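Asks: Quick one: this structure, given as C-alpha cells, is what I'll be asking you about.
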Amino acid sequence: MSSLAEPKLSGLQPEMPFGIGHSSTSAVPRHGTVVTASLGPIGTARRIIEREGFMSLYKGLTAVYCGIIPKMAIRFLSFEQYREMLQKIDGPPPDNGPEFTSSVNFSAGLLSGLTEAIVIVTPAEVCKIRMQSQYNSMMDPSQLARRKYTNAVQTAMTIAKEEGLSALYKGIVPTMMRQGCNQAVNFSMYNLFKLKLLDMRKKTELSPWESLILGGISGGMGPLVNNPLDVVKTRMQKQVVKPGKQPKYKGIFQAIGLVAKEEGYFALWKGITPRLLRIMPGQAITFMTYEAVSSTLTSKGFFL
C-alpha cells in the first residue's frame, strides 16, 4: 500500500498506518513518546502497535471481508465463463493440445480482473483505505469513540453522503488496470505451470501442495509488474476532494509522473514487500482450495 501526504482532514491524518512514505524512522504518538523503528514491514508493524495498539493492524478488516468473498466468487466464475466463450471464438484447440490455449487463459484472466474491479474491488478498497488511513489509537477509548469511519457499511454511507456516490469509485481506472493485469498474469501463468508440471509428472491432477506452490508463484508475478498502478490507485482513493478545488492526483499518468518527480521512481514500488507477503500466500491458498473444490464437484457430477 502507499500513502499520501496531504493537509490534515477531518477524521484523516496524513500518516498511513503501514508507514509507507515516511522519510524518517521514528513516529511521534499522541502521548509524546517517540517510537523508533526501521521502515520495513516489521518496523512499520512495531510503530503501529506502539502508537495505536495491536488491533490497529486489523483496521479495515470489515471492508476486506465484505469484498473478498464476492470478489473471489466473481473472479473464478467469470474466468470460467469468459474462457469457455473465448475458446469457442478462437476455435477448437490443436489435437493433443491443452483444452484452452494460453491466449484464451490470458484474455479470460484479463476480463475477469476487469469485472471484479468494477463490481466489487474499487468500492471495497476505497472504504478499506479510508478506514486504515485515519489515525485513532485502539488503546484510547475516547479516540475510538470519535473515529470517523467505523465499519465498511458506515464508511461507504459516509463517503457517499459527504462526497457523492461516485467517490466510492475513485481510482477505478488504475484499479481496473491493476486487477486486469493481475488476473491475466495470474491465471495464464498458473495454467501454464500446471500443464508443464502435469506433463512432466505424467499426472492428470495436481496434488494440493503442488497447487499451493504454483498458486503462490503465479500470484506474485502480477504485483511486481503493476505496483505503480497500486500506488497511484491508493493515493487517488485516499485524497478527499473539496468542492471547488482541484485534486492533487488527477489521473493515472499524471499521478505516476508526479510521484516519480516528487519522491523518485522507486516510490512507485513502495509497499511491494507487504503486498507480496499478503498476495502470494493468499493466491496459494485460493488456488489450492479452488482445485480441491472443483475436483470434488466434478467427481460428484456437478460439472462435466
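Chain lettering (A, B, ...) mirrors the order of the C-alpha cells, residue numbering begins at 1 for each chain separately, and ligand numbering begins at 1 in order of display.
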Could you list, with a cut-off of 12 Å and counting only C-alpha atoms, the residues of range 57-147 of chain A near range 193-201 of chain A, each shown with its nearest atom pair and the distance in Å rounded to one decimal, rows sorted by chain and ascending number, as JSON lines?
Replies:
```
{"residue": "A:Asn96", "atom": "CA", "partner": "A:Asp199", "partner_atom": "CA", "distance": 11.9}
{"residue": "A:Gly97", "atom": "CA", "partner": "A:Leu195", "partner_atom": "CA", "distance": 10.1}
{"residue": "A:Pro98", "atom": "CA", "partner": "A:Leu195", "partner_atom": "CA", "distance": 7.8}
{"residue": "A:Glu99", "atom": "CA", "partner": "A:Leu195", "partner_atom": "CA", "distance": 10.3}
{"residue": "A:Phe100", "atom": "CA", "partner": "A:Leu195", "partner_atom": "CA", "distance": 10.6}
{"residue": "A:Thr101", "atom": "CA", "partner": "A:Leu195", "partner_atom": "CA", "distance": 10.9}
{"residue": "A:Ser102", "atom": "CA", "partner": "A:Leu195", "partner_atom": "CA", "distance": 10.5}
```
Asks: Write out, as a short mmCIF file (atom, residue, chain, number, x, y, z; two decimals), in the first residue's frame, the residues just selected, with N, CA and C atoms.
Replies:
```
data_model
loop_
_atom_site.label_atom_id
_atom_site.label_comp_id
_atom_site.auth_asym_id
_atom_site.auth_seq_id
_atom_site.Cartn_x
_atom_site.Cartn_y
_atom_site.Cartn_z
N ASN A 96 -4.26 -33.11 -29.38
CA ASN A 96 -3.32 -33.44 -28.30
C ASN A 96 -2.80 -32.21 -27.57
N GLY A 97 -3.44 -31.06 -27.81
CA GLY A 97 -3.04 -29.84 -27.12
C GLY A 97 -3.90 -29.61 -25.88
N PRO A 98 -3.61 -28.56 -25.12
CA PRO A 98 -4.41 -28.26 -23.94
C PRO A 98 -5.84 -27.87 -24.32
N GLU A 99 -6.76 -28.05 -23.37
CA GLU A 99 -8.16 -27.73 -23.63
C GLU A 99 -8.35 -26.26 -23.95
N PHE A 100 -7.56 -25.41 -23.28
CA PHE A 100 -7.63 -23.97 -23.51
C PHE A 100 -6.24 -23.45 -23.85
N THR A 101 -6.15 -22.61 -24.86
CA THR A 101 -4.86 -22.07 -25.28
C THR A 101 -4.38 -21.00 -24.30
N SER A 102 -3.10 -20.68 -24.39
CA SER A 102 -2.51 -19.67 -23.50
C SER A 102 -3.14 -18.30 -23.72
#
```
Asks: Enumerate, in order of chain and increasing residue number, the residues of range 242-269 of chain A with an atom no farther than 12 Å from range 149-170 of chain A, each with its shortest atom pair and distance in Å to one decimal, counting only C-alpha atoms, as JSON lines.
Replies:
```
{"residue": "A:Lys242", "atom": "CA", "partner": "A:Glu163", "partner_atom": "CA", "distance": 8.3}
{"residue": "A:Pro243", "atom": "CA", "partner": "A:Glu163", "partner_atom": "CA", "distance": 8.9}
{"residue": "A:Pro247", "atom": "CA", "partner": "A:Lys170", "partner_atom": "CA", "distance": 11.4}
{"residue": "A:Tyr249", "atom": "CA", "partner": "A:Lys170", "partner_atom": "CA", "distance": 10.8}
{"residue": "A:Lys250", "atom": "CA", "partner": "A:Lys170", "partner_atom": "CA", "distance": 10.3}
{"residue": "A:Gly251", "atom": "CA", "partner": "A:Lys170", "partner_atom": "CA", "distance": 10.2}
{"residue": "A:Ile252", "atom": "CA", "partner": "A:Lys170", "partner_atom": "CA", "distance": 11.4}
```
Asks: Could you save the residues just selected, with C-alpha atoms, as a PDB file, in the first residue's frame?
Replies:
```pdb
ATOM      1  CA  LYS A 242     -13.277  19.573  -1.576  1.00  0.00           C
ATOM      2  CA  PRO A 243     -15.793  21.379  -3.800  1.00  0.00           C
ATOM      3  CA  PRO A 247      -7.337  17.172  -6.688  1.00  0.00           C
ATOM      4  CA  TYR A 249      -3.784  13.406  -8.352  1.00  0.00           C
ATOM      5  CA  LYS A 250      -5.988  13.788 -11.419  1.00  0.00           C
ATOM      6  CA  GLY A 251      -5.293  10.667 -13.455  1.00  0.00           C
ATOM      7  CA  ILE A 252      -3.060   7.634 -13.825  1.00  0.00           C
TER       8      ILE A 252
END
```
Asks: Could you please write out, as JSON, numbers by chain, every residue of range 62-267 of chain A that DSSP assigns to helix (DSSP H, G or I)?
Replies: {"A": [62, 63, 64, 65, 66, 67, 68, 69, 70, 71, 72, 73, 74, 75, 76, 77, 78, 79, 80, 81, 82, 83, 84, 85, 86, 87, 88, 89, 90, 102, 103, 104, 105, 106, 107, 108, 109, 110, 111, 112, 113, 114, 115, 116, 117, 118, 119, 120, 121, 122, 123, 124, 125, 126, 127, 128, 129, 130, 131, 132, 133, 141, 142, 143, 144, 145, 146, 152, 153, 154, 155, 156, 157, 158, 159, 160, 161, 162, 163, 165, 166, 167, 168, 169, 172, 173, 174, 175, 176, 177, 178, 179, 180, 181, 182, 183, 184, 185, 186, 187, 188, 189, 190, 191, 192, 193, 194, 195, 196, 197, 198, 199, 200, 201, 208, 209, 210, 211, 212, 213, 214, 215, 216, 217, 218, 219, 220, 221, 222, 223, 224, 225, 226, 227, 228, 229, 230, 231, 232, 233, 234, 235, 236, 237, 238, 252, 253, 254, 255, 256, 257, 258, 259, 260, 261, 262, 263, 265, 266, 267]}
Asks: In Å to one decimal, how far is CA of Ile285 in chain A from CA of Gln179 in chain A?
Replies: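 Computing it gives 18.4 Å between the two atoms.
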